[in-house]
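The structure appears below as structure tokens.
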Number of protein chains: 2
Amino acid sequence: MESSAPSPPGLRESNKARTRQAISDVATRLFIAHGFEQVTVAQIAAAAQVSVKTVFNYFPSKEDLFFDRADDVVGVLVRTVTERPAGTTITEALRAVLADRRVPFDQDGWKSLRGHERYDGFRSFLAAEQASPALRARRLVVAEAWIERLADVFAGELGLRAGDRRARAFAAMVVAAMGLRERTLSASMLERAGAATVERRVRAVVDDAFARIARAFDDLDRPRSQA
Amino acid sequence: MESSAPSPPGLRESNKARTRQAISDVATRLFIAHGFEQVTVAQIAAAAQVSVKTVFNYFPSKEDLFFDRADDVVGVLVRTVTERPAGTTITEALRAVLADRRVPFDQDGWKSLRGHERYDGFRSFLAAEQASPALRARRLVVAEAWIERLADVFAGELGLRAGDRRARAFAAMVVAAMGLRERTLSASMLERAGAATVERRVRAVVDDAFARIARAFDDLDRPRSQA
DNA sequence: CAGAAATTTGCCGTGAGTGTAAACTTCGCA
DNA sequence: TGCGAAGTTTACACTCACGGCAAATTTCTG
């Protein structure tokens, strides 16, 4: 999203990026240690050695601060669909990717978190999310935006007009399936089920859901043509 | 939900009910007149002639105050399913009811609103909801609860164990369809489309979505046995 | 190094929501 | 009919998220 125009030769820009990352990191660490509601923005600001106002300059709300780390989940779905191998249907491609329990949390945003093993950090993150109504609400709003985004992509892939009712329905069902998947993942990890168990449960949910979605949209979903 | 146990013979109880209703009514009227964000709880309290604290005694949050009027939407779905005529499948029953654009807003909670024609009141209500991120978020949380409730009912109707993955998937898809329907309804009413147009659009969305859901769950959904 | 531009900060205000204890109303019972 | 118990409403004082604004500070351009 950032245009790479280096009008300012970069010190300013890199400072901003570093500050932003520092705030995000410190916030995540506090959230997973004490819970979302228990941490005040003032504490985050103090720990990041900036003023409260600066925190709000970078993140419009406390919730944004929490989800900063988990932001680009649709991106994965979109790429999965648009870059699927020739001959593969949309539902097949999505099913294959989402059956993996580590998607999308084995990457990107979690690297900069020190002092936590990756898995543990993610589990605490989920726990914090479950414990806060405000966060759950926010997550759902994000999911609603996913529907819009996916509907556009589906329409493009299926040769439908943008905004087509069927593309939107397709997207809505896929996002609903994501919800089922996340619920399973979340519940399993919170009860500290072993990796194999989590993997199996997630796979079962995703397989079932996408088999059904494939049936529901068998008149539309289609293999990608040869490149 | 209120148990009818008249341990207190009733004066206290009826006073409470009246106060609660007065607060809810006055709040709804202010919300649809000025928008959710523009109205403060202090104004509501003043207009209802109670203290701010009393408002919060009855309604844990400002959002609860808004949705008080629209609360029992799942109830309609649940009844639709459990009381469907013999020989009708779940998806058929739901489709039939939801194709009607007036469901569930031609009833109950809207009666006590004076000074607004029913339709106009509802349109303003939708407008207020769309205009407030906080309200949209809240609505989605409510929808998530619907999934749980419906999943239980579906499991019961289909002879599955409570918590069965497939029943939950069924519920999630139905709730997703409700979202599509509401989106259509909302958009159509806000652009002041005529009743016939609204009716047609809602019906189209609902018909398509439930035809797909029926296909997705054709191994489970089944006609109700003879009473 | 001076001046322009961007960034950070302090300060003060608003509004939601909570805890507590006092004032008031209603109830149960004699 | 009146008195104490129980429930309800209120005032008060507080915390926290967030917004506007102008001053202070940092970084960039020449």
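Chain labels follow the order of the structure tokens: the first chain is A, the next B, and so on; residue numbering restarts at 1 in every chain, and ligands are counted from 1 in their shown order.
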If we count only C-alpha atoms (C1' of nucleotides) and set the cut-off at 10 Å, which residues sit around segment 11-21 of chain D, ignoring sequence neighbours fewer than 6 positions away in its own chain? Please answer as a PDB file with C-alpha atoms (C1' of nucleotides), in the first residue's frame.
ATOM      1  CA  THR A  40      -4.541   0.709  28.945  1.00  0.00           C
ATOM      2  CA  VAL A  41      -3.297   2.746  26.061  1.00  0.00           C
ATOM      3  CA  ALA A  42      -1.396   4.857  28.558  1.00  0.00           C
ATOM      4  CA  LYS A  53      -1.307  10.889  21.377  1.00  0.00           C
ATOM      5  CA  PHE A  56      -3.374   7.235  18.388  1.00  0.00           C
ATOM      6  CA  PRO A  60      -6.946   4.925  15.154  1.00  0.00           C
ATOM      7  CA  SER A  61      -8.191   2.720  17.963  1.00  0.00           C
ATOM      8  CA  LYS A  62      -6.960   0.290  20.565  1.00  0.00           C
TER       9      LYS A  62
ATOM     10  CA  SER B  51     -30.725   9.183  36.087  1.00  0.00           C
ATOM     11  CA  LYS B  53     -27.152   5.295  36.275  1.00  0.00           C
TER      12      LYS B  53
ATOM     13  C1'  DC C  11      -3.529  20.039  27.497  1.00  0.00           C
ATOM     14  C1'  DC C  12      -8.116  20.078  27.869  1.00  0.00           C
ATOM     15  C1'  DG C  13     -12.712  18.375  26.660  1.00  0.00           C
ATOM     16  C1'  DT C  14     -16.469  14.741  25.844  1.00  0.00           C
ATOM     17  C1'  DG C  15     -18.766  10.611  26.504  1.00  0.00           C
ATOM     18  C1'  DA C  16     -19.282   5.626  27.995  1.00  0.00           C
ATOM     19  C1'  DG C  17     -19.288   2.858  31.779  1.00  0.00           C
ATOM     20  C1'  DT C  18     -18.228   1.330  37.002  1.00  0.00           C
ATOM     21  C1'  DG C  19     -18.327   1.214  42.213  1.00  0.00           C
ATOM     22  C1'  DT C  20     -20.184   2.815  46.379  1.00  0.00           C
ATOM     23  C1'  DA C  21     -23.037   4.463  49.607  1.00  0.00           C
ATOM     24  C1'  DA C  22     -26.944   7.228  50.687  1.00  0.00           C
ATOM     25  C1'  DA C  23     -32.018   8.260  49.851  1.00  0.00           C
TER      26       DA C  23
END
Polymer residues at most 10 Å from Val174 of chain A, only C-alpha atoms (C1' of nucleotides), same-chain spacing of 5 or more positions, as a count of residues only: 17
Expected answer as a ChimeraX atom specification: chain B residues within 12 Å of chain A, only C-alpha atoms: /B:132-145,147-148,151,163-181,183-184,201-202,204-220
Within 9 Å of chain B, which residues of chain D show up when using only C-alpha atoms (C1' of nucleotides), listed as an mmCIF file with C-alpha atoms (C1' of nucleotides), in the first residue's frame?
data_model
loop_
_atom_site.group_PDB
_atom_site.id
_atom_site.type_symbol
_atom_site.label_atom_id
_atom_site.label_comp_id
_atom_site.auth_asym_id
_atom_site.auth_seq_id
_atom_site.Cartn_x
_atom_site.Cartn_y
_atom_site.Cartn_z
ATOM 1 C "C1'" DG D 7 -35.208 -3.738 46.348
ATOM 2 C "C1'" DT D 8 -34.584 0.494 43.415
ATOM 3 C "C1'" DT D 9 -32.936 4.996 42.166
ATOM 4 C "C1'" DT D 10 -29.784 8.517 42.642
#
May I have chain B as a PDB file with C-alpha atoms, in the first residue's frame, after a least-squares superposition on chain A that uses all C-alpha atoms paired in order?
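Written output follows (out16.pdb):
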ATOM      1  CA  MET B   1       0.098  -0.820   0.369  1.00  0.00           C
ATOM      2  CA  GLU B   2       2.828   1.806   0.989  1.00  0.00           C
ATOM      3  CA  SER B   3       3.821   3.432  -2.262  1.00  0.00           C
ATOM      4  CA  SER B   4       7.573   3.240  -2.540  1.00  0.00           C
ATOM      5  CA  ALA B   5       7.812   6.868  -3.678  1.00  0.00           C
ATOM      6  CA  PRO B   6      10.844   8.168  -1.811  1.00  0.00           C
ATOM      7  CA  SER B   7       9.869  11.826  -2.013  1.00  0.00           C
ATOM      8  CA  PRO B   8      11.283  12.144   1.450  1.00  0.00           C
ATOM      9  CA  PRO B   9      14.629  10.399   1.095  1.00  0.00           C
ATOM     10  CA  GLY B  10      13.768   8.164   3.893  1.00  0.00           C
ATOM     11  CA  LEU B  11      14.995   9.102   7.304  1.00  0.00           C
ATOM     12  CA  ARG B  12      11.614  10.451   8.303  1.00  0.00           C
ATOM     13  CA  GLU B  13       9.886   7.522   6.737  1.00  0.00           C
ATOM     14  CA  SER B  14      12.019   4.856   8.339  1.00  0.00           C
ATOM     15  CA  ASN B  15      11.692   6.539  11.697  1.00  0.00           C
ATOM     16  CA  LYS B  16       7.963   6.390  11.372  1.00  0.00           C
ATOM     17  CA  ALA B  17       8.029   2.749  10.421  1.00  0.00           C
ATOM     18  CA  ARG B  18      10.258   1.923  13.342  1.00  0.00           C
ATOM     19  CA  THR B  19       8.111   3.804  15.823  1.00  0.00           C
ATOM     20  CA  ARG B  20       5.004   2.179  14.517  1.00  0.00           C
ATOM     21  CA  GLN B  21       6.492  -1.276  14.770  1.00  0.00           C
ATOM     22  CA  ALA B  22       7.781  -0.604  18.256  1.00  0.00           C
ATOM     23  CA  ILE B  23       4.344   0.423  19.435  1.00  0.00           C
ATOM     24  CA  SER B  24       2.708  -2.569  17.810  1.00  0.00           C
ATOM     25  CA  ASP B  25       5.251  -4.997  19.272  1.00  0.00           C
ATOM     26  CA  VAL B  26       5.085  -3.687  22.765  1.00  0.00           C
ATOM     27  CA  ALA B  27       1.297  -3.678  22.617  1.00  0.00           C
ATOM     28  CA  THR B  28       1.087  -7.255  21.434  1.00  0.00           C
ATOM     29  CA  ARG B  29       3.442  -8.375  24.150  1.00  0.00           C
ATOM     30  CA  LEU B  30       1.386  -6.643  26.818  1.00  0.00           C
ATOM     31  CA  PHE B  31      -1.880  -7.933  25.399  1.00  0.00           C
ATOM     32  CA  ILE B  32      -0.813 -11.552  25.336  1.00  0.00           C
ATOM     33  CA  ALA B  33       0.740 -11.246  28.767  1.00  0.00           C
ATOM     34  CA  HIS B  34      -2.148  -9.560  30.566  1.00  0.00           C
ATOM     35  CA  GLY B  35      -5.165  -9.593  28.281  1.00  0.00           C
ATOM     36  CA  PHE B  36      -6.629  -6.880  26.106  1.00  0.00           C
ATOM     37  CA  GLU B  37      -8.875  -5.165  28.608  1.00  0.00           C
ATOM     38  CA  GLN B  38      -6.280  -5.192  31.353  1.00  0.00           C
ATOM     39  CA  VAL B  39      -3.812  -3.157  29.349  1.00  0.00           C
ATOM     40  CA  THR B  40      -4.407   0.575  29.009  1.00  0.00           C
ATOM     41  CA  VAL B  41      -3.234   2.667  26.111  1.00  0.00           C
ATOM     42  CA  ALA B  42      -1.313   4.750  28.612  1.00  0.00           C
ATOM     43  CA  GLN B  43       0.701   1.688  29.618  1.00  0.00           C
ATOM     44  CA  ILE B  44       1.436   0.873  26.016  1.00  0.00           C
ATOM     45  CA  ALA B  45       2.554   4.418  25.357  1.00  0.00           C
ATOM     46  CA  ALA B  46       4.795   4.388  28.398  1.00  0.00           C
ATOM     47  CA  ALA B  47       6.343   1.050  27.481  1.00  0.00           C
ATOM     48  CA  ALA B  48       6.939   2.223  23.929  1.00  0.00           C
ATOM     49  CA  GLN B  49       8.286   5.533  25.209  1.00  0.00           C
ATOM     50  CA  VAL B  50       5.928   7.715  23.256  1.00  0.00           C
ATOM     51  CA  SER B  51       2.966   9.822  24.232  1.00  0.00           C
ATOM     52  CA  VAL B  52      -0.573   8.490  24.257  1.00  0.00           C
ATOM     53  CA  LYS B  53      -1.404  10.849  21.445  1.00  0.00           C
ATOM     54  CA  THR B  54       1.291   9.328  19.269  1.00  0.00           C
ATOM     55  CA  VAL B  55      -0.180   5.890  19.760  1.00  0.00           C
ATOM     56  CA  PHE B  56      -3.486   7.215  18.508  1.00  0.00           C
ATOM     57  CA  ASN B  57      -1.751   8.931  15.630  1.00  0.00           C
ATOM     58  CA  TYR B  58      -0.685   5.560  14.318  1.00  0.00           C
ATOM     59  CA  PHE B  59      -3.630   3.422  15.387  1.00  0.00           C
ATOM     60  CA  PRO B  60      -7.112   4.905  15.359  1.00  0.00           C
ATOM     61  CA  SER B  61      -8.278   2.642  18.145  1.00  0.00           C
ATOM     62  CA  LYS B  62      -6.977   0.190  20.694  1.00  0.00           C
ATOM     63  CA  GLU B  63      -8.532  -2.631  18.676  1.00  0.00           C
ATOM     64  CA  ASP B  64      -6.555  -1.658  15.600  1.00  0.00           C
ATOM     65  CA  LEU B  65      -3.480  -2.015  17.709  1.00  0.00           C
ATOM     66  CA  PHE B  66      -4.416  -5.556  18.574  1.00  0.00           C
ATOM     67  CA  PHE B  67      -5.239  -6.674  15.052  1.00  0.00           C
ATOM     68  CA  ASP B  68      -2.305  -4.944  13.426  1.00  0.00           C
ATOM     69  CA  ARG B  69      -0.464  -8.222  13.618  1.00  0.00           C
ATOM     70  CA  ALA B  70      -3.183 -10.342  12.102  1.00  0.00           C
ATOM     71  CA  ASP B  71      -4.264  -8.047   9.384  1.00  0.00           C
ATOM     72  CA  ASP B  72      -3.617  -9.628   6.069  1.00  0.00           C
ATOM     73  CA  VAL B  73      -5.650 -12.777   6.234  1.00  0.00           C
ATOM     74  CA  VAL B  74      -7.764 -12.127   3.180  1.00  0.00           C
ATOM     75  CA  GLY B  75      -4.603 -11.521   1.254  1.00  0.00           C
ATOM     76  CA  VAL B  76      -3.785 -15.175   1.688  1.00  0.00           C
ATOM     77  CA  LEU B  77      -7.207 -16.213   0.437  1.00  0.00           C
ATOM     78  CA  VAL B  78      -7.064 -13.891  -2.522  1.00  0.00           C
ATOM     79  CA  ARG B  79      -3.681 -15.169  -3.563  1.00  0.00           C
ATOM     80  CA  THR B  80      -4.818 -18.727  -3.072  1.00  0.00           C
ATOM     81  CA  VAL B  81      -7.637 -18.144  -5.493  1.00  0.00           C
ATOM     82  CA  THR B  82      -5.972 -16.039  -8.127  1.00  0.00           C
ATOM     83  CA  GLU B  83      -2.760 -18.055  -8.197  1.00  0.00           C
ATOM     84  CA  ARG B  84      -4.272 -21.502  -7.984  1.00  0.00           C
ATOM     85  CA  PRO B  85      -2.790 -24.027 -10.384  1.00  0.00           C
ATOM     86  CA  ALA B  86      -4.502 -24.510 -13.714  1.00  0.00           C
ATOM     87  CA  GLY B  87      -7.241 -27.081 -13.533  1.00  0.00           C
ATOM     88  CA  THR B  88      -8.103 -26.352  -9.921  1.00  0.00           C
ATOM     89  CA  THR B  89     -11.447 -24.949  -8.839  1.00  0.00           C
ATOM     90  CA  ILE B  90     -11.747 -22.142  -6.330  1.00  0.00           C
ATOM     91  CA  THR B  91     -13.205 -24.345  -3.641  1.00  0.00           C
ATOM     92  CA  GLU B  92     -10.517 -26.962  -4.137  1.00  0.00           C
ATOM     93  CA  ALA B  93      -7.790 -24.382  -3.807  1.00  0.00           C
ATOM     94  CA  LEU B  94      -9.265 -22.839  -0.692  1.00  0.00           C
ATOM     95  CA  ARG B  95      -9.938 -26.173   0.908  1.00  0.00           C
ATOM     96  CA  ALA B  96      -6.380 -27.288   0.389  1.00  0.00           C
ATOM     97  CA  VAL B  97      -4.890 -24.191   1.954  1.00  0.00           C
ATOM     98  CA  LEU B  98      -7.268 -23.873   4.873  1.00  0.00           C
ATOM     99  CA  ALA B  99      -6.983 -27.506   5.868  1.00  0.00           C
ATOM    100  CA  ASP B 100      -3.546 -26.609   7.166  1.00  0.00           C
ATOM    101  CA  ARG B 101      -3.931 -25.496  10.746  1.00  0.00           C
ATOM    102  CA  ARG B 102      -0.936 -23.154  10.590  1.00  0.00           C
ATOM    103  CA  VAL B 103      -2.465 -20.876   7.972  1.00  0.00           C
ATOM    104  CA  PRO B 104      -2.125 -17.924   8.212  1.00  0.00           C
ATOM    105  CA  PHE B 105      -0.266 -17.738  11.470  1.00  0.00           C
ATOM    106  CA  ASP B 106       3.065 -19.217  10.589  1.00  0.00           C
ATOM    107  CA  GLN B 107       4.249 -16.113   8.889  1.00  0.00           C
ATOM    108  CA  ASP B 108       4.826 -12.401   8.647  1.00  0.00           C
ATOM    109  CA  GLY B 109       3.637 -10.476  11.620  1.00  0.00           C
ATOM    110  CA  TRP B 110       4.680 -12.989  14.227  1.00  0.00           C
ATOM    111  CA  LYS B 111       8.347 -12.834  13.422  1.00  0.00           C
ATOM    112  CA  SER B 112       9.073  -9.613  15.213  1.00  0.00           C
ATOM    113  CA  LEU B 113       7.793 -10.981  18.486  1.00  0.00           C
ATOM    114  CA  ARG B 114      10.631 -11.967  20.723  1.00  0.00           C
ATOM    115  CA  GLY B 115      10.335 -13.612  24.094  1.00  0.00           C
ATOM    116  CA  HIS B 116       7.570 -15.923  23.008  1.00  0.00           C
ATOM    117  CA  GLU B 117       7.655 -19.160  21.198  1.00  0.00           C
ATOM    118  CA  ARG B 118       5.559 -18.723  18.070  1.00  0.00           C
ATOM    119  CA  TYR B 119       2.902 -21.255  18.974  1.00  0.00           C
ATOM    120  CA  ASP B 120       2.508 -20.024  22.524  1.00  0.00           C
ATOM    121  CA  GLY B 121       2.305 -16.463  21.385  1.00  0.00           C
ATOM    122  CA  PHE B 122      -0.444 -17.328  18.999  1.00  0.00           C
ATOM    123  CA  ARG B 123      -2.354 -19.282  21.587  1.00  0.00           C
ATOM    124  CA  SER B 124      -2.234 -16.366  24.016  1.00  0.00           C
ATOM    125  CA  PHE B 125      -3.315 -14.113  21.213  1.00  0.00           C
ATOM    126  CA  LEU B 126      -6.390 -16.243  20.612  1.00  0.00           C
ATOM    127  CA  ALA B 127      -7.089 -16.382  24.312  1.00  0.00           C
ATOM    128  CA  ALA B 128      -6.974 -12.614  24.553  1.00  0.00           C
ATOM    129  CA  GLU B 129      -9.304 -12.336  21.600  1.00  0.00           C
ATOM    130  CA  GLN B 130     -11.827 -14.750  23.074  1.00  0.00           C
ATOM    131  CA  ALA B 131     -11.762 -12.982  26.410  1.00  0.00           C
ATOM    132  CA  SER B 132     -12.702  -9.598  25.014  1.00  0.00           C
ATOM    133  CA  PRO B 133     -16.135  -8.846  23.572  1.00  0.00           C
ATOM    134  CA  ALA B 134     -14.754  -5.725  21.947  1.00  0.00           C
ATOM    135  CA  LEU B 135     -12.181  -7.772  20.068  1.00  0.00           C
ATOM    136  CA  ARG B 136     -14.621 -10.409  18.945  1.00  0.00           C
ATOM    137  CA  ALA B 137     -16.848  -7.657  17.625  1.00  0.00           C
ATOM    138  CA  ARG B 138     -14.005  -6.106  15.777  1.00  0.00           C
ATOM    139  CA  ARG B 139     -12.990  -9.375  14.237  1.00  0.00           C
ATOM    140  CA  LEU B 140     -16.454  -9.776  12.801  1.00  0.00           C
ATOM    141  CA  VAL B 141     -16.362  -6.350  11.217  1.00  0.00           C
ATOM    142  CA  VAL B 142     -13.125  -7.333   9.592  1.00  0.00           C
ATOM    143  CA  ALA B 143     -14.737 -10.505   8.330  1.00  0.00           C
ATOM    144  CA  GLU B 144     -17.468  -8.453   6.742  1.00  0.00           C
ATOM    145  CA  ALA B 145     -14.878  -6.532   4.798  1.00  0.00           C
ATOM    146  CA  TRP B 146     -13.442  -9.849   3.654  1.00  0.00           C
ATOM    147  CA  ILE B 147     -16.738 -10.688   2.045  1.00  0.00           C
ATOM    148  CA  GLU B 148     -16.579  -7.577  -0.098  1.00  0.00           C
ATOM    149  CA  ARG B 149     -13.032  -8.210  -1.108  1.00  0.00           C
ATOM    150  CA  LEU B 150     -13.591 -11.862  -1.925  1.00  0.00           C
ATOM    151  CA  ALA B 151     -16.802 -11.150  -3.779  1.00  0.00           C
ATOM    152  CA  ASP B 152     -14.845  -8.937  -6.154  1.00  0.00           C
ATOM    153  CA  VAL B 153     -12.180 -11.526  -6.679  1.00  0.00           C
ATOM    154  CA  PHE B 154     -14.707 -14.294  -7.256  1.00  0.00           C
ATOM    155  CA  ALA B 155     -16.629 -12.177  -9.715  1.00  0.00           C
ATOM    156  CA  GLY B 156     -13.415 -11.615 -11.624  1.00  0.00           C
ATOM    157  CA  GLU B 157     -12.457 -15.266 -11.627  1.00  0.00           C
ATOM    158  CA  LEU B 158     -15.879 -16.492 -12.601  1.00  0.00           C
ATOM    159  CA  GLY B 159     -16.510 -13.956 -15.309  1.00  0.00           C
ATOM    160  CA  LEU B 160     -19.322 -12.214 -13.459  1.00  0.00           C
ATOM    161  CA  ARG B 161     -20.054  -8.536 -13.203  1.00  0.00           C
ATOM    162  CA  ALA B 162     -18.585  -6.919 -10.089  1.00  0.00           C
ATOM    163  CA  GLY B 163     -21.217  -6.943  -7.395  1.00  0.00           C
ATOM    164  CA  ASP B 164     -22.983  -9.975  -8.793  1.00  0.00           C
ATOM    165  CA  ARG B 165     -25.302 -11.442  -6.231  1.00  0.00           C
ATOM    166  CA  ARG B 166     -23.986 -14.946  -6.699  1.00  0.00           C
ATOM    167  CA  ALA B 167     -20.367 -13.941  -6.275  1.00  0.00           C
ATOM    168  CA  ARG B 168     -21.300 -12.210  -3.048  1.00  0.00           C
ATOM    169  CA  ALA B 169     -23.155 -15.272  -1.838  1.00  0.00           C
ATOM    170  CA  PHE B 170     -20.125 -17.372  -2.646  1.00  0.00           C
ATOM    171  CA  ALA B 171     -17.908 -15.030  -0.669  1.00  0.00           C
ATOM    172  CA  ALA B 172     -20.306 -14.963   2.260  1.00  0.00           C
ATOM    173  CA  MET B 173     -20.329 -18.732   2.470  1.00  0.00           C
ATOM    174  CA  VAL B 174     -16.560 -18.935   2.280  1.00  0.00           C
ATOM    175  CA  VAL B 175     -16.188 -16.391   5.055  1.00  0.00           C
ATOM    176  CA  ALA B 176     -18.741 -18.274   7.108  1.00  0.00           C
ATOM    177  CA  ALA B 177     -16.595 -21.361   6.650  1.00  0.00           C
ATOM    178  CA  MET B 178     -13.580 -19.386   7.823  1.00  0.00           C
ATOM    179  CA  GLY B 179     -15.536 -18.602  10.951  1.00  0.00           C
ATOM    180  CA  LEU B 180     -16.205 -22.269  11.582  1.00  0.00           C
ATOM    181  CA  ARG B 181     -12.582 -23.048  11.019  1.00  0.00           C
ATOM    182  CA  GLU B 182     -11.364 -20.341  13.332  1.00  0.00           C
ATOM    183  CA  ARG B 183     -13.768 -21.409  16.016  1.00  0.00           C
ATOM    184  CA  THR B 184     -12.435 -24.945  15.850  1.00  0.00           C
ATOM    185  CA  LEU B 185      -8.839 -23.832  15.819  1.00  0.00           C
ATOM    186  CA  SER B 186      -9.387 -21.503  18.691  1.00  0.00           C
ATOM    187  CA  ALA B 187     -11.265 -23.970  20.877  1.00  0.00           C
ATOM    188  CA  SER B 188      -8.744 -26.722  20.218  1.00  0.00           C
ATOM    189  CA  MET B 189      -5.721 -24.616  20.981  1.00  0.00           C
ATOM    190  CA  LEU B 190      -7.205 -23.158  24.117  1.00  0.00           C
ATOM    191  CA  GLU B 191      -7.844 -26.607  25.529  1.00  0.00           C
ATOM    192  CA  ARG B 192      -4.215 -27.333  24.672  1.00  0.00           C
ATOM    193  CA  ALA B 193      -5.004 -30.165  22.320  1.00  0.00           C
ATOM    194  CA  GLY B 194      -1.958 -31.672  20.662  1.00  0.00           C
ATOM    195  CA  ALA B 195      -0.874 -30.481  17.243  1.00  0.00           C
ATOM    196  CA  ALA B 196      -2.109 -33.661  15.597  1.00  0.00           C
ATOM    197  CA  THR B 197      -5.546 -33.331  17.155  1.00  0.00           C
ATOM    198  CA  VAL B 198      -5.825 -29.719  16.142  1.00  0.00           C
ATOM    199  CA  GLU B 199      -4.752 -30.597  12.640  1.00  0.00           C
ATOM    200  CA  ARG B 200      -7.335 -33.341  12.401  1.00  0.00           C
ATOM    201  CA  ARG B 201     -10.201 -31.268  13.699  1.00  0.00           C
ATOM    202  CA  VAL B 202      -9.457 -28.297  11.497  1.00  0.00           C
ATOM    203  CA  ARG B 203      -9.177 -30.551   8.498  1.00  0.00           C
ATOM    204  CA  ALA B 204     -12.479 -32.232   9.241  1.00  0.00           C
ATOM    205  CA  VAL B 205     -14.327 -28.946   9.541  1.00  0.00           C
ATOM    206  CA  VAL B 206     -12.749 -27.464   6.449  1.00  0.00           C
ATOM    207  CA  ASP B 207     -13.270 -30.582   4.347  1.00  0.00           C
ATOM    208  CA  ASP B 208     -16.917 -30.800   5.253  1.00  0.00           C
ATOM    209  CA  ALA B 209     -17.625 -27.112   4.797  1.00  0.00           C
ATOM    210  CA  PHE B 210     -15.917 -26.813   1.439  1.00  0.00           C
ATOM    211  CA  ALA B 211     -17.456 -29.968   0.088  1.00  0.00           C
ATOM    212  CA  ARG B 212     -20.802 -28.356   0.815  1.00  0.00           C
ATOM    213  CA  ILE B 213     -19.824 -25.015  -0.659  1.00  0.00           C
ATOM    214  CA  ALA B 214     -18.635 -26.795  -3.772  1.00  0.00           C
ATOM    215  CA  ARG B 215     -22.023 -28.419  -4.116  1.00  0.00           C
ATOM    216  CA  ALA B 216     -23.818 -25.138  -3.493  1.00  0.00           C
ATOM    217  CA  PHE B 217     -21.874 -23.364  -6.210  1.00  0.00           C
ATOM    218  CA  ASP B 218     -21.323 -26.183  -8.677  1.00  0.00           C
ATOM    219  CA  ASP B 219     -22.919 -24.080 -11.407  1.00  0.00           C
ATOM    220  CA  LEU B 220     -20.303 -21.364 -11.004  1.00  0.00           C
ATOM    221  CA  ASP B 221     -17.067 -22.646  -9.566  1.00  0.00           C
ATOM    222  CA  ARG B 222     -14.712 -23.838 -12.219  1.00  0.00           C
ATOM    223  CA  PRO B 223     -11.177 -24.934 -12.838  1.00  0.00           C
ATOM    224  CA  ARG B 224      -8.732 -22.285 -13.797  1.00  0.00           C
ATOM    225  CA  SER B 225      -7.940 -22.327 -17.485  1.00  0.00           C
ATOM    226  CA  GLN B 226      -4.443 -23.149 -18.649  1.00  0.00           C
ATOM    227  CA  ALA B 227      -2.068 -20.263 -18.076  1.00  0.00           C
TER     228      ALA B 227
END
Who sits within 10 Å of DT26 of chain D, only C-alpha atoms (C1' of nucleotides), same chain under 3 positions skipped, as a PyMOL selection string: (chain A and resi 12) or (chain C and resi 6-8)
Store the residues of this selection in a file with N, CA and C atoms (P, O5', C5', C4', C3', O3' and C1' of nucleotides), as a PDB file, in the first residue's frame.
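Done, and the output landed in result_30.pdb:
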ATOM      1  N   ARG A  12      13.363  10.013   8.024  1.00  0.00           N
ATOM      2  CA  ARG A  12      12.036  10.234   8.581  1.00  0.00           C
ATOM      3  C   ARG A  12      11.186   8.969   8.436  1.00  0.00           C
TER       4      ARG A  12
ATOM      5  P    DA C   6       4.711  18.370   4.666  1.00  0.00           P
ATOM      6  O5'  DA C   6       5.099  17.294   5.783  1.00  0.00           O
ATOM      7  C5'  DA C   6       6.338  16.611   5.684  1.00  0.00           C
ATOM      8  C4'  DA C   6       6.698  16.032   7.037  1.00  0.00           C
ATOM      9  C3'  DA C   6       5.560  15.273   7.717  1.00  0.00           C
ATOM     10  O3'  DA C   6       6.087  14.028   8.155  1.00  0.00           O
ATOM     11  C1'  DA C   6       6.480  16.865   9.201  1.00  0.00           C
ATOM     12  P    DT C   7       5.130  12.892   8.751  1.00  0.00           P
ATOM     13  O5'  DT C   7       5.500  12.962  10.286  1.00  0.00           O
ATOM     14  C5'  DT C   7       6.864  12.996  10.679  1.00  0.00           C
ATOM     15  C4'  DT C   7       6.970  13.217  12.174  1.00  0.00           C
ATOM     16  C3'  DT C   7       5.927  12.456  13.004  1.00  0.00           C
ATOM     17  O3'  DT C   7       6.628  11.616  13.907  1.00  0.00           O
ATOM     18  C1'  DT C   7       6.077  14.729  13.685  1.00  0.00           C
ATOM     19  P    DT C   8       5.836  10.734  14.983  1.00  0.00           P
ATOM     20  O5'  DT C   8       5.958  11.658  16.265  1.00  0.00           O
ATOM     21  C5'  DT C   8       7.239  12.012  16.753  1.00  0.00           C
ATOM     22  C4'  DT C   8       7.071  12.888  17.987  1.00  0.00           C
ATOM     23  C3'  DT C   8       6.186  12.267  19.076  1.00  0.00           C
ATOM     24  O3'  DT C   8       6.938  12.211  20.280  1.00  0.00           O
ATOM     25  C1'  DT C   8       5.494  14.491  18.577  1.00  0.00           C
TER      26       DT C   8
END
10 Å contact set for DG30 of chain D, only C-alpha atoms (C1' of nucleotides), chain neighbours under 2 positions out, as an MDAnalysis selection string: (chainID C and resid 2:3) or (chainID D and resid 28)
Save the residues we just selected, N, CA and C atoms (P, O5', C5', C4', C3', O3' and C1' of nucleotides), as a compact mmCIF listing (two decimals), in the first residue's frame?
# COMPACT_ATOMS: atom_id res chain seq x y z
P DA C 2 21.62 30.05 11.54
O5' DA C 2 20.40 30.29 10.56
C5' DA C 2 20.53 31.23 9.50
C4' DA C 2 19.38 31.05 8.53
C3' DA C 2 17.99 31.14 9.18
O3' DA C 2 17.11 31.81 8.29
C1' DA C 2 18.26 29.01 8.18
P DG C 3 15.75 32.46 8.81
O5' DG C 3 14.67 31.59 8.03
C5' DG C 3 14.71 31.51 6.61
C4' DG C 3 13.93 30.28 6.16
C3' DG C 3 12.50 30.20 6.74
O3' DG C 3 11.66 29.79 5.68
C1' DG C 3 13.65 28.21 7.15
P DC D 28 15.45 13.16 7.37
O5' DC D 28 15.12 14.28 6.28
C5' DC D 28 13.76 14.38 5.80
C4' DC D 28 13.57 15.72 5.09
C3' DC D 28 14.54 15.94 3.92
O3' DC D 28 13.80 16.13 2.72
C1' DC D 28 14.46 17.85 5.36
